[in-house]
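The structure file protein.cif is reproduced below (mmCIF, C-alpha atoms).
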```cif
data_run
loop_
_atom_site.label_atom_id
_atom_site.label_comp_id
_atom_site.auth_asym_id
_atom_site.auth_seq_id
_atom_site.Cartn_x
_atom_site.Cartn_y
_atom_site.Cartn_z
CA MET F 10 94.46 -73.58 -82.29
CA MET F 11 97.27 -71.69 -83.88
CA LEU F 12 97.42 -67.99 -84.49
CA ALA F 13 99.39 -68.57 -87.66
CA GLN F 14 96.41 -70.33 -89.16
CA GLU F 15 94.19 -67.42 -88.24
CA THR F 16 96.51 -64.93 -89.89
CA ALA F 17 95.64 -66.57 -93.15
CA ARG F 18 91.95 -66.46 -92.40
CA LYS F 19 90.00 -63.25 -92.68
CA ILE F 20 89.00 -61.83 -89.35
CA THR F 21 85.22 -61.96 -89.26
CA PHE F 22 82.91 -59.18 -88.20
CA MET F 23 81.96 -60.92 -84.95
CA GLN F 24 85.60 -61.45 -84.12
CA ARG F 25 86.12 -57.72 -84.38
CA ALA F 26 82.86 -56.54 -82.88
CA PHE F 27 82.94 -58.53 -79.67
CA PRO F 28 86.36 -57.44 -78.33
CA LEU F 29 85.65 -53.92 -79.50
CA ALA F 30 82.40 -53.79 -77.54
CA ALA F 31 84.11 -55.23 -74.47
CA ALA F 32 86.98 -52.75 -74.69
CA VAL F 33 84.66 -49.79 -75.16
CA LEU F 34 82.52 -50.93 -72.24
CA ILE F 35 85.50 -51.24 -69.90
CA PHE F 36 86.83 -47.89 -71.01
CA VAL F 37 83.48 -46.12 -70.55
CA VAL F 38 82.87 -47.72 -67.16
CA THR F 39 86.37 -46.77 -65.99
CA VAL F 40 86.00 -43.17 -67.09
CA GLU F 41 82.55 -42.97 -65.54
CA LEU F 42 83.83 -44.36 -62.22
CA ILE F 43 86.65 -41.83 -62.18
CA ARG F 44 84.21 -39.04 -63.02
CA ARG F 45 82.02 -40.04 -60.06
CA ARG F 46 85.09 -40.34 -57.87
CA LYS F 47 84.29 -43.97 -57.10
CA LEU F 48 87.71 -45.14 -58.16
CA ARG F 49 90.93 -44.02 -56.58
CA GLU F 50 93.39 -42.52 -58.97
CA GLU F 51 96.06 -45.22 -58.59
CA TYR F 52 93.63 -47.95 -59.67
CA ALA F 53 92.06 -45.66 -62.23
CA MET F 54 95.37 -45.34 -64.05
CA LEU F 55 95.77 -49.11 -64.09
CA TRP F 56 92.35 -49.69 -65.56
CA VAL F 57 92.59 -46.85 -68.05
CA LEU F 58 95.85 -48.31 -69.25
CA ALA F 59 94.36 -51.79 -69.48
CA SER F 60 91.30 -50.60 -71.37
CA VAL F 61 93.41 -48.50 -73.78
CA VAL F 62 95.56 -51.54 -74.58
CA LEU F 63 92.44 -53.63 -75.02
CA LEU F 64 90.90 -50.96 -77.21
CA ALA F 65 94.01 -50.78 -79.36
CA PHE F 66 93.96 -54.52 -79.94
CA ALA F 67 90.24 -54.46 -80.63
CA ILE F 68 90.52 -51.72 -83.24
CA PHE F 69 93.64 -53.16 -84.85
CA PRO F 70 93.42 -56.94 -84.43
CA ARG F 71 96.45 -57.35 -86.68
CA LEU F 72 98.46 -55.68 -83.95
CA LEU F 73 97.99 -58.73 -81.79
CA LEU F 74 99.21 -60.97 -84.55
CA TYR F 75 102.30 -58.87 -85.20
CA LEU F 76 102.98 -58.82 -81.51
CA SER F 77 102.66 -62.56 -81.22
CA GLU F 78 105.07 -63.01 -84.10
CA LEU F 79 107.44 -60.50 -82.54
CA LEU F 80 107.37 -62.37 -79.25
CA GLY F 81 107.57 -65.72 -80.95
CA VAL F 82 104.27 -66.76 -79.44
CA PHE F 83 102.36 -69.08 -81.72
CA TYR F 84 99.82 -70.72 -79.55
CA LEU F 85 96.69 -68.94 -78.51
CA THR F 86 96.90 -70.69 -75.13
CA THR F 87 100.13 -68.82 -74.45
CA VAL F 88 98.41 -65.52 -75.07
CA VAL F 89 95.59 -66.53 -72.78
CA LEU F 90 98.09 -67.58 -70.15
CA ILE F 91 99.90 -64.23 -70.32
CA ALA F 92 96.61 -62.35 -70.00
CA PHE F 93 95.59 -64.62 -67.13
CA SER F 94 98.88 -64.05 -65.29
CA PHE F 95 98.44 -60.33 -65.65
CA LEU F 96 94.93 -60.49 -64.24
CA SER F 97 96.06 -62.78 -61.42
CA LEU F 98 98.74 -60.31 -60.42
CA MET F 99 96.20 -57.51 -60.44
CA VAL F 100 93.78 -59.48 -58.26
CA LEU F 101 96.60 -60.44 -55.92
CA HIS F 102 97.52 -56.80 -55.59
CA LEU F 103 93.92 -55.96 -54.76
CA SER F 104 93.85 -58.73 -52.13
CA VAL F 105 96.87 -57.18 -50.47
CA VAL F 106 95.17 -53.80 -50.54
CA ALA F 107 91.98 -55.29 -49.10
CA SER F 108 93.92 -57.01 -46.30
CA ARG F 109 95.64 -53.78 -45.42
CA SER F 110 92.34 -51.94 -45.41
CA ALA F 111 90.77 -54.58 -43.16
CA ASP F 112 93.66 -54.16 -40.75
CA ASP F 113 93.22 -50.40 -40.73
CA VAL F 114 89.48 -50.78 -40.17
CA ARG F 115 90.14 -53.13 -37.25
CA GLN F 116 92.51 -50.72 -35.56
CA ILE F 117 90.17 -47.79 -36.07
CA ALA F 118 87.17 -49.76 -34.79
CA GLN F 119 89.10 -50.84 -31.69
CA ARG F 120 90.27 -47.33 -30.94
CA LEU F 121 86.79 -45.98 -31.48
CA ALA F 122 85.32 -48.50 -29.04
CA LEU F 123 87.93 -47.65 -26.41
CA LEU F 124 87.59 -43.90 -26.84
CA GLU F 125 83.79 -44.06 -26.83
CA GLU F 126 83.81 -45.95 -23.56
CA ARG F 127 86.20 -43.44 -22.06
CA LEU F 128 84.12 -40.55 -23.28
CA GLU F 129 80.98 -42.01 -21.76
CA ARG F 130 82.77 -42.52 -18.48
CA LEU F 131 84.23 -39.01 -18.35
CA ALA F 132 81.27 -37.16 -19.80
CA PRO F 133 78.01 -39.11 -19.59
CA PRO F 134 75.73 -37.93 -22.36
CA ALA F 135 72.94 -35.65 -21.17
CA GLY F 136 69.33 -36.49 -22.00
CA GLY F 137 68.16 -39.00 -24.52
CA ALA F 138 70.23 -38.06 -27.52
CA GLU F 139 69.70 -40.73 -30.15
CA PRO F 140 72.78 -42.34 -31.61
CA GLN F 141 73.77 -40.90 -34.94
CA GLY F 142 74.69 -42.98 -37.89
CA PRO F 143 72.82 -46.10 -38.96
CA ALA F 144 71.62 -48.00 -35.91
CA PRO F 145 71.50 -51.80 -36.04
CA PRO F 146 68.06 -52.81 -37.33
CA ASP F 147 66.36 -54.18 -34.25
CA ARG F 148 67.65 -51.75 -31.69
CA ALA F 149 64.83 -49.29 -32.19
CA GLY F 150 62.25 -50.93 -29.95
CA SER F 151 64.63 -52.79 -27.68
CA ALA F 152 64.71 -52.49 -23.93
CA GLY F 153 67.84 -50.40 -23.98
CA GLU F 154 66.19 -46.98 -24.01
CA ALA F 155 67.29 -46.27 -20.45
CA ALA F 156 70.87 -47.30 -21.11
CA ALA F 157 73.36 -44.58 -21.91
CA PRO F 158 73.05 -43.86 -25.61
CA GLU F 159 76.19 -43.50 -27.62
CA SER F 160 76.79 -40.93 -30.26
CA MET N 98 92.17 -58.33 -12.51
CA LEU N 99 90.15 -57.97 -15.69
CA VAL N 100 87.70 -60.36 -17.31
CA ILE N 101 87.32 -59.93 -21.07
CA VAL N 102 84.01 -61.17 -22.44
CA PRO N 103 83.80 -61.11 -26.22
CA ALA N 104 80.19 -61.25 -27.37
CA TYR N 105 78.51 -61.27 -30.74
CA ASN N 106 74.71 -61.43 -30.75
CA GLU N 107 74.67 -63.06 -27.34
CA ALA N 108 71.78 -61.11 -25.81
CA ALA N 109 70.15 -64.40 -24.81
CA ASN N 110 73.20 -65.85 -23.07
CA ILE N 111 75.30 -62.98 -21.85
CA GLY N 112 73.10 -62.28 -18.84
CA ARG N 113 73.79 -65.75 -17.51
CA ALA N 114 77.53 -65.40 -18.08
CA LEU N 115 77.59 -62.05 -16.28
CA GLU N 116 75.52 -63.37 -13.38
CA ASP N 117 77.94 -66.25 -13.14
CA LEU N 118 80.84 -63.81 -13.03
CA SER N 119 79.32 -61.57 -10.39
CA ALA N 120 78.53 -64.62 -8.27
CA HIS N 121 81.91 -66.35 -8.50
CA ALA N 122 84.36 -63.58 -9.33
CA PRO N 123 82.89 -60.40 -7.83
CA TRP N 124 86.35 -58.91 -7.27
CA ALA N 125 87.09 -58.79 -11.00
CA ASP N 126 86.48 -55.90 -13.37
CA VAL N 127 84.47 -57.10 -16.32
CA VAL N 128 84.64 -55.68 -19.81
CA VAL N 129 82.20 -56.91 -22.43
CA VAL N 130 83.38 -56.38 -25.99
CA ASP N 131 80.30 -56.16 -28.16
CA ASP N 132 81.54 -57.22 -31.58
CA GLY N 133 79.10 -55.20 -33.66
CA SER N 134 76.06 -57.17 -32.49
CA THR N 135 72.74 -56.49 -34.14
CA ASP N 136 70.76 -57.55 -31.08
CA ALA N 137 70.56 -56.05 -27.60
CA THR N 138 73.83 -57.58 -26.34
CA ALA N 139 75.29 -54.24 -25.27
CA GLU N 140 72.09 -53.09 -23.53
CA VAL N 141 71.75 -56.35 -21.64
CA ALA N 142 75.39 -56.16 -20.57
CA ARG N 143 75.06 -52.53 -19.45
CA ARG N 144 72.22 -53.49 -17.15
CA PHE N 145 74.73 -55.55 -15.20
CA GLY N 146 76.82 -52.46 -14.62
CA VAL N 147 79.88 -53.76 -16.45
CA THR N 148 82.03 -51.83 -18.88
CA VAL N 149 80.90 -52.31 -22.46
CA LEU N 150 83.11 -51.65 -25.46
CA ARG N 151 81.03 -51.42 -28.60
CA LEU N 152 82.84 -52.16 -31.83
CA PRO N 153 81.21 -50.24 -34.68
CA CYS N 154 81.44 -53.24 -36.98
CA ASN N 155 81.90 -56.99 -36.65
CA LEU N 156 85.62 -57.78 -36.42
CA GLY N 157 85.40 -61.45 -35.46
CA VAL N 158 86.37 -62.98 -32.13
CA GLY N 159 90.05 -62.16 -32.60
CA GLY N 160 89.39 -58.47 -33.08
CA ALA N 161 87.00 -58.38 -30.14
CA VAL N 162 89.35 -60.18 -27.77
CA GLN N 163 92.21 -57.92 -28.81
CA THR N 164 90.08 -54.89 -27.99
CA GLY N 165 89.70 -56.34 -24.50
CA TYR N 166 93.46 -56.78 -24.17
CA ARG N 167 93.97 -53.20 -25.32
CA TYR N 168 91.58 -52.09 -22.61
CA GLY N 169 93.49 -54.24 -20.14
CA LEU N 170 96.80 -52.70 -21.18
CA LEU N 171 95.44 -49.16 -20.85
CA GLY N 172 94.02 -50.02 -17.44
CA GLY N 173 97.33 -51.47 -16.29
CA TYR N 174 95.85 -54.80 -15.20
CA ASP N 175 98.12 -57.56 -13.93
CA VAL N 176 95.89 -60.40 -15.08
CA ALA N 177 93.32 -60.60 -17.85
CA VAL N 178 90.95 -63.54 -18.22
CA GLN N 179 89.25 -64.40 -21.49
CA PHE N 180 85.75 -65.60 -20.78
CA ASP N 181 83.18 -66.40 -23.48
CA GLY N 182 79.85 -64.63 -23.37
CA ASP N 183 77.95 -67.71 -24.52
CA GLY N 184 77.83 -69.31 -21.08
CA GLN N 185 80.22 -72.14 -21.90
CA HIS N 186 82.89 -71.14 -19.42
CA ARG N 187 82.41 -71.41 -15.68
CA ALA N 188 83.29 -68.45 -13.52
CA ASP N 189 84.03 -70.70 -10.53
CA GLN N 190 87.06 -71.95 -12.51
CA ILE N 191 88.58 -68.51 -12.87
CA ARG N 192 90.26 -68.62 -9.50
CA SER N 193 92.31 -71.72 -10.30
CA LEU N 194 93.22 -70.32 -13.71
CA VAL N 195 94.33 -66.97 -12.34
CA ARG N 196 96.28 -68.54 -9.51
CA ARG N 197 98.60 -70.16 -12.04
CA VAL N 198 99.47 -66.71 -13.33
CA THR N 199 99.67 -64.79 -10.05
CA GLU N 200 101.35 -67.52 -8.03
CA GLY N 201 102.53 -70.13 -10.52
CA GLY N 202 104.56 -67.71 -12.62
CA ALA N 203 102.74 -68.64 -15.82
CA GLU N 204 102.39 -66.01 -18.51
CA LEU N 205 99.43 -67.72 -20.12
CA ALA N 206 97.15 -70.21 -18.37
CA VAL N 207 94.78 -72.11 -20.63
CA GLY N 208 91.65 -73.80 -19.31
CA SER N 209 91.48 -77.27 -20.82
CA ARG N 210 88.32 -79.29 -21.28
CA LEU N 211 90.37 -82.40 -21.88
CA LEU N 212 92.91 -82.59 -19.11
CA GLU N 213 91.94 -84.90 -16.24
CA GLY N 214 89.00 -83.32 -14.52
CA GLY N 215 87.80 -81.56 -17.65
CA GLY N 216 85.75 -84.38 -19.08
CA TYR N 217 84.29 -82.93 -22.26
CA ARG N 218 82.68 -85.03 -25.01
CA PHE N 219 83.13 -84.36 -28.72
CA GLY N 220 81.79 -86.25 -31.71
CA LEU N 221 84.26 -88.71 -33.24
CA LEU N 222 85.38 -86.63 -36.20
CA ARG N 223 85.81 -83.54 -34.11
CA TYR N 224 87.60 -85.61 -31.53
CA LEU N 225 90.11 -86.82 -34.13
CA GLY N 226 90.49 -83.32 -35.48
CA SER N 227 91.07 -81.84 -32.08
CA ARG N 228 93.64 -84.58 -31.26
CA LEU N 229 95.50 -83.86 -34.48
CA LEU N 230 95.48 -80.14 -33.80
CA ALA N 231 96.60 -80.69 -30.22
CA ALA N 232 99.49 -82.84 -31.48
CA VAL N 233 100.64 -80.20 -33.96
CA VAL N 234 100.40 -77.40 -31.40
CA SER N 235 102.18 -79.49 -28.77
CA LEU N 236 105.01 -80.06 -31.22
CA ILE N 237 105.38 -76.36 -31.94
CA ALA N 238 105.03 -75.32 -28.31
CA ARG N 239 107.43 -78.10 -27.24
CA GLN N 240 105.09 -78.99 -24.42
CA ARG N 241 101.92 -81.01 -24.01
CA ILE N 242 98.84 -79.04 -25.04
CA THR N 243 95.53 -80.87 -24.85
CA ASP N 244 92.99 -78.18 -25.72
CA PRO N 245 94.49 -75.53 -27.98
CA THR N 246 91.12 -74.14 -29.10
CA SER N 247 89.97 -73.33 -25.59
CA GLY N 248 89.07 -69.66 -25.30
CA PHE N 249 89.16 -69.76 -21.52
CA ARG N 250 92.52 -68.34 -20.50
CA ALA N 251 94.31 -66.07 -18.12
CA ALA N 252 97.10 -63.80 -19.30
CA GLY N 253 99.81 -62.09 -17.29
CA ARG N 254 101.21 -58.60 -17.83
CA ARG N 255 103.63 -59.49 -20.60
CA THR N 256 100.98 -61.48 -22.44
CA ILE N 257 98.41 -58.70 -22.12
CA ARG N 258 100.88 -56.28 -23.67
CA PHE N 259 101.77 -58.74 -26.42
CA PHE N 260 98.16 -59.57 -27.28
CA ALA N 261 97.16 -55.91 -27.20
CA HIS N 262 99.65 -55.31 -29.99
CA HIS N 263 99.58 -58.64 -31.79
CA TYR N 264 96.56 -60.86 -31.93
CA PRO N 265 95.58 -63.28 -34.70
CA GLN N 266 92.44 -62.38 -36.63
CA SER N 267 91.67 -65.68 -38.32
CA TYR N 268 88.08 -66.86 -38.25
CA LEU N 269 87.55 -69.46 -35.48
CA GLY N 270 91.27 -70.11 -35.29
CA ASP N 271 92.27 -67.15 -33.21
CA THR N 272 92.57 -69.01 -29.91
CA THR N 273 94.87 -71.67 -31.33
CA GLU N 274 96.97 -69.18 -33.20
CA ALA N 275 97.25 -66.94 -30.16
CA LEU N 276 98.55 -69.92 -28.22
CA VAL N 277 101.11 -70.69 -30.91
CA TRP N 278 102.18 -67.06 -31.07
CA ALA N 279 102.63 -66.98 -27.32
CA ALA N 280 104.62 -70.21 -27.47
CA ARG N 281 106.84 -68.79 -30.18
CA GLN N 282 107.54 -65.80 -27.96
CA ARG N 283 108.78 -68.39 -25.46
CA MET N 284 106.13 -67.50 -22.95
CA LYS N 285 105.51 -69.78 -20.03
CA ILE N 286 102.26 -71.57 -20.80
CA VAL N 287 100.36 -73.92 -18.52
CA GLU N 288 97.16 -75.85 -18.99
CA VAL N 289 94.66 -76.11 -16.18
CA PRO N 290 91.81 -78.62 -16.15
CA THR N 291 88.56 -76.66 -16.22
CA PRO N 292 85.22 -78.33 -16.72
CA MET N 293 82.99 -76.45 -19.10
CA ARG N 294 79.30 -76.43 -19.85
CA PRO N 295 77.75 -77.22 -23.18
CA ARG N 296 76.42 -74.09 -24.83
CA HIS N 297 73.01 -72.82 -23.71
CA SER N 298 71.58 -71.83 -27.06
CA GLY N 299 72.72 -71.13 -30.56
CA SER N 300 75.32 -73.15 -32.36
CA SER N 301 78.97 -72.50 -31.81
CA SER N 302 81.42 -73.96 -34.24
CA ALA N 303 79.09 -75.80 -36.56
CA SER N 304 78.69 -79.47 -37.35
CA ASN N 305 81.09 -82.36 -37.16
CA LEU N 306 82.44 -82.34 -40.69
CA LEU N 307 82.60 -78.58 -40.81
CA GLY N 308 84.38 -78.64 -37.49
CA PHE N 309 86.90 -81.07 -38.90
CA LEU N 310 87.51 -78.89 -41.93
CA HIS N 311 87.94 -75.89 -39.68
CA THR N 312 90.49 -77.88 -37.74
CA LEU N 313 92.45 -78.58 -40.89
CA ARG N 314 92.32 -74.91 -41.72
CA ILE N 315 93.58 -73.97 -38.30
CA ILE N 316 96.44 -76.46 -38.62
CA LEU N 317 97.40 -74.82 -41.90
CA ALA N 318 97.23 -71.37 -40.30
CA VAL N 319 99.37 -72.57 -37.41
CA LEU N 320 101.97 -73.98 -39.78
CA VAL N 321 102.05 -70.68 -41.66
CA ASP N 322 102.56 -68.95 -38.30
CA CYS N 323 105.76 -70.94 -37.92
CA LEU N 324 107.12 -69.40 -41.11
CA GLU N 325 106.67 -65.90 -39.76
CA PRO N 326 109.51 -64.26 -37.93
CA ARG N 327 109.16 -63.74 -34.21
CA VAL N 328 107.87 -60.33 -33.28
CA PRO N 329 109.93 -57.99 -31.18
CA GLU N 330 107.89 -57.16 -28.13
CA GLU N 331 107.19 -53.61 -27.08
CA PRO N 332 109.01 -52.58 -23.93
CA GLU N 333 106.85 -52.03 -20.89
CA GLU N 334 105.80 -48.44 -20.47
CA THR N 335 104.55 -47.01 -17.26
CA LYS N 336 101.26 -45.43 -18.12
#
```
Same coordinates, now as structure tokens:
Amino acid sequence: MMLAQETARKITFMQRAFPLAAAVLIFVVTVELIRRRKLREEYAMLWVLASVVLLAFAIFPRLLLYLSELLGVFYLTTVVLIAFSFLSLMVLHLSVVASRSADDVRQIAQRLALLEERLERLAPPAGGAEPQGPAPPDRAGSAGEAAAPES
Amino acid sequence: MLVIVPAYNEAANIGRALEDLSAHAPWADVVVVDDGSTDATAEVARRFGVTVLRLPCNLGVGGAVQTGYRYGLLGGYDVAVQFDGDGQHRADQIRSLVRRVTEGGAELAVGSRLLEGGGYRFGLLRYLGSRLLAAVVSLIARQRITDPTSGFRAAGRRTIRFFAHHYPQSYLGDTTEALVWAARQRMKIVEVPTPMRPRHSGSSSASNLLGFLHTLRIILAVLVDCLEPRVPEEPEETK
């Protein structure tokens, strides 16, 4: 399918409505996530930028066509490929971030386990203080009541 | 001497492993690393009066074992033995493993199920997989390795320090990768024939085909390891 052919054709309502809806949705969700502080600022900027670009193309579909002519891109597959590469890079970046986070979590968990053991050894907890935080599901009725509880 | 027992949901088996240890290696300090178990593993272990390190979340065997090595480094132990909490390893074999480190000058002694005297049976596909893996690891280590996946090992001071700082985290491949890492640090590695028991309950590393696929994955991981630069080791600190 060639974009040049489509330039001649009139862009139908559905062709406009669908990307527009998608762009608006992404934009709204991004803003909402930032508002609820669920998204860190560095990723927020990335997604805001992406949704603004998407929104711009959705509102002015001709923009995409001019751009493709400007870049000398005629085939729709090329456009798809460029978009796909961009998304791949973004996902790759997130994988790196996730790996780093997992590494941090591991180190923190290991330190916590070591410090907790040391704390219990140096200062055995008095009385039957229940562990804070979410306990594993089936610990409640287990035989470990007499064992030193951790906090 | 320290025995590191990584355990994840092993409440049913860990008692037997700890009994075995107190019967055959009563001189050793034992540390159980509870890898975020959801059952009573930690409570059962505590009843045996051993040290229990509770990880707040499940890190996988690699993360658990490394926690044990960290504990060993902090405690200034000369030898640390990795011993599975599932009852597969035999505590009466620890002595011969440790002797290779304390007297034989080895920096890592690996208990092998397959060296003469080990006598362990696999299914065919897993057998082929394990042979292939052993061949690849032997090539990298430039010495004959028969059982690279064995998690029954004794580590000397240098190895404890190295593993406390660098330990592979890959799922089910950590033992093999740790061996390759140690080999790439030019550590002195020896294999010792150690008979092992089949597991008491639960399933360890899945079925035949799955085991074979895991093996291929481990081989890939090991080959990737060879692309990584060698790590500079931390100098020994007197703590």
I'd like the neighbourhood of range 169-176 of chain N as an MDAnalysis selection string, where a residue qualifies if any of its atoms comes within 8 Å (using all atoms listed in the file), though same-chain residues fewer than 6 positions away should be ignored. chainID N and resid 98:99 195 198:199 251:254 257:258 261 336
Dump as a tab-separated table the rows for residues of chain N within 10 Å of chain F: closest atom pair and distance in Å with one decimal, all atoms listed in the file counted, ordered by chain and rising residue number.
```
residue	atom	partner	partner_atom	distance
N:Val130	CA	F:Ala122	CA	8.7
N:Asp131	CA	F:Ala122	CA	9.2
N:Asp132	CA	F:Ala122	CA	9.8
N:Gly133	CA	F:Pro145	CA	8.7
N:Ser134	CA	F:Pro145	CA	7.9
N:Thr135	CA	F:Pro145	CA	5.2
N:Asp136	CA	F:Asp147	CA	6.4
N:Ala137	CA	F:Arg148	CA	6.6
N:Thr138	CA	F:Gly153	CA	9.6
N:Ala139	CA	F:Gly153	CA	8.5
N:Glu140	CA	F:Gly153	CA	5.0
N:Val141	CA	F:Gly153	CA	7.5
N:Ala142	CA	F:Ala156	CA	10.0
N:Arg143	CA	F:Ala156	CA	6.9
N:Arg144	CA	F:Ala156	CA	7.5
N:Thr148	CA	F:Glu126	CA	7.7
N:Val149	CA	F:Glu126	CA	7.1
N:Leu150	CA	F:Ala122	CA	5.3
N:Arg151	CA	F:Ala122	CA	5.2
N:Leu152	CA	F:Ala122	CA	5.2
N:Pro153	CA	F:Ala118	CA	6.0
N:Cys154	CA	F:Ala118	CA	7.1
N:Asn155	CA	F:Arg115	CA	9.1
N:Leu156	CA	F:Arg115	CA	6.5
N:Gly157	CA	F:Arg115	CA	9.7
N:Gly160	CA	F:Arg115	CA	6.8
N:Ala161	CA	F:Gln119	CA	8.0
N:Gln163	CA	F:Gln119	CA	8.3
N:Thr164	CA	F:Gln119	CA	5.6
N:Gly165	CA	F:Leu123	CA	9.1
N:Arg167	CA	F:Leu123	CA	8.3
N:Tyr168	CA	F:Leu123	CA	6.9
N:Leu171	CA	F:Leu123	CA	9.5
N:Gln266	CA	F:Asp112	CA	9.3
```
Please check which residues have atoms at most 9 Å from (109.0, -72.7, -22.1) in the file's coordinates, counting all atoms listed in the file, and write them as a PyMOL selection string. chain N and resi 238-240+280+283-286
Using Å and a single decimal, report how far CA of Leu118 in chain N sits from CA of Arg187 in chain N.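 Calculated distance between CA of Arg187 in chain N and CA of Leu118 in chain N is 8.2 Å.
The coordinates place CA of Gly182 in chain N at 26.7 Å from CA of Leu225 in chain N.
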Given 4 Å on each side, where is the centre and what are the edge lengths in Å to one decimal of the axis-aligned box enclosing the listed atoms of range 59-65 of chain F, as lines of an AutoDock Vina configuration file?
```
center_x = 93.2
center_y = -51.1
center_z = -74.4
size_x = 12.7
size_y = 13.1
size_z = 17.9
```
Using the chain letters and numbers from this file, what does the PyMOL selection byres ((chain N and resi 100) around 8) select? Give the answer as a PyMOL selection string. chain N and resi 98-99+101-102+125-128+177-180
Among listed residues F:Ser108, F:Val33, F:Phe27, F:Ser94, nearest Ser60 in chain F (using only C-alpha atoms):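 Among the listed residues, the smallest separation from Ser60 in chain F belongs to F:Val33.
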Which residue is closest to Ala232 in chain N? Choose from N:Leu211, N:Val321, N:Arg250, N:Asp244 and count all atoms listed in the file.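 Checking each candidate against Ala232 in chain N, we get N:Asp244 as the closest.
Shell of Asp117 in chain N at 9 Å, with only C-alpha atoms counted and residues fewer than 5 places along the chain excluded, is Gly112, Ala122, Gly184, Arg187, Ala188 and Asp189 of chain N.
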Between CA of Leu55 in chain F and CA of Leu98 in chain F, what is the spacing in Å? 12.2 Å
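Nearest to Tyr52 in chain F of all the residues F:Val100, F:Ala67, F:Val37, F:Leu90 is F:Val100, counting only C-alpha atoms.
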Let me make sure I understand: among N:Cys323, N:Leu236, N:Ile315, N:Leu307, which one has the smallest atom-to-atom distance to Trp278 in chain N if we use only C-alpha atoms?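 Nearest to Trp278 in chain N: N:Cys323.
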Using all atoms listed in the file, find all polymer residues with an atom at most 6 Å away from the point (101.5, -63.1, -76.1); report them as a PyMOL selection string. chain F and resi 77+82+88
Return the single residue from F:Thr39, F:Thr86, F:Gln24, F:Ser97 that is closest to Ile68 in chain F, with distances computed using all atoms listed in the file.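 Nearest to Ile68 in chain F: F:Gln24.
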Between N:Val147, N:Val158, N:His186, N:Glu288, which residue has the minimum interatomic distance to Asn110 in chain N, considering all atoms listed in the file? N:His186
Write out as a PyMOL selection string which residues come within 7 Å of Asp183 in chain N when counting all atoms listed in the file, dropping same-chain ones fewer than 6 positions away. chain N and resi 107+110-111+114+296
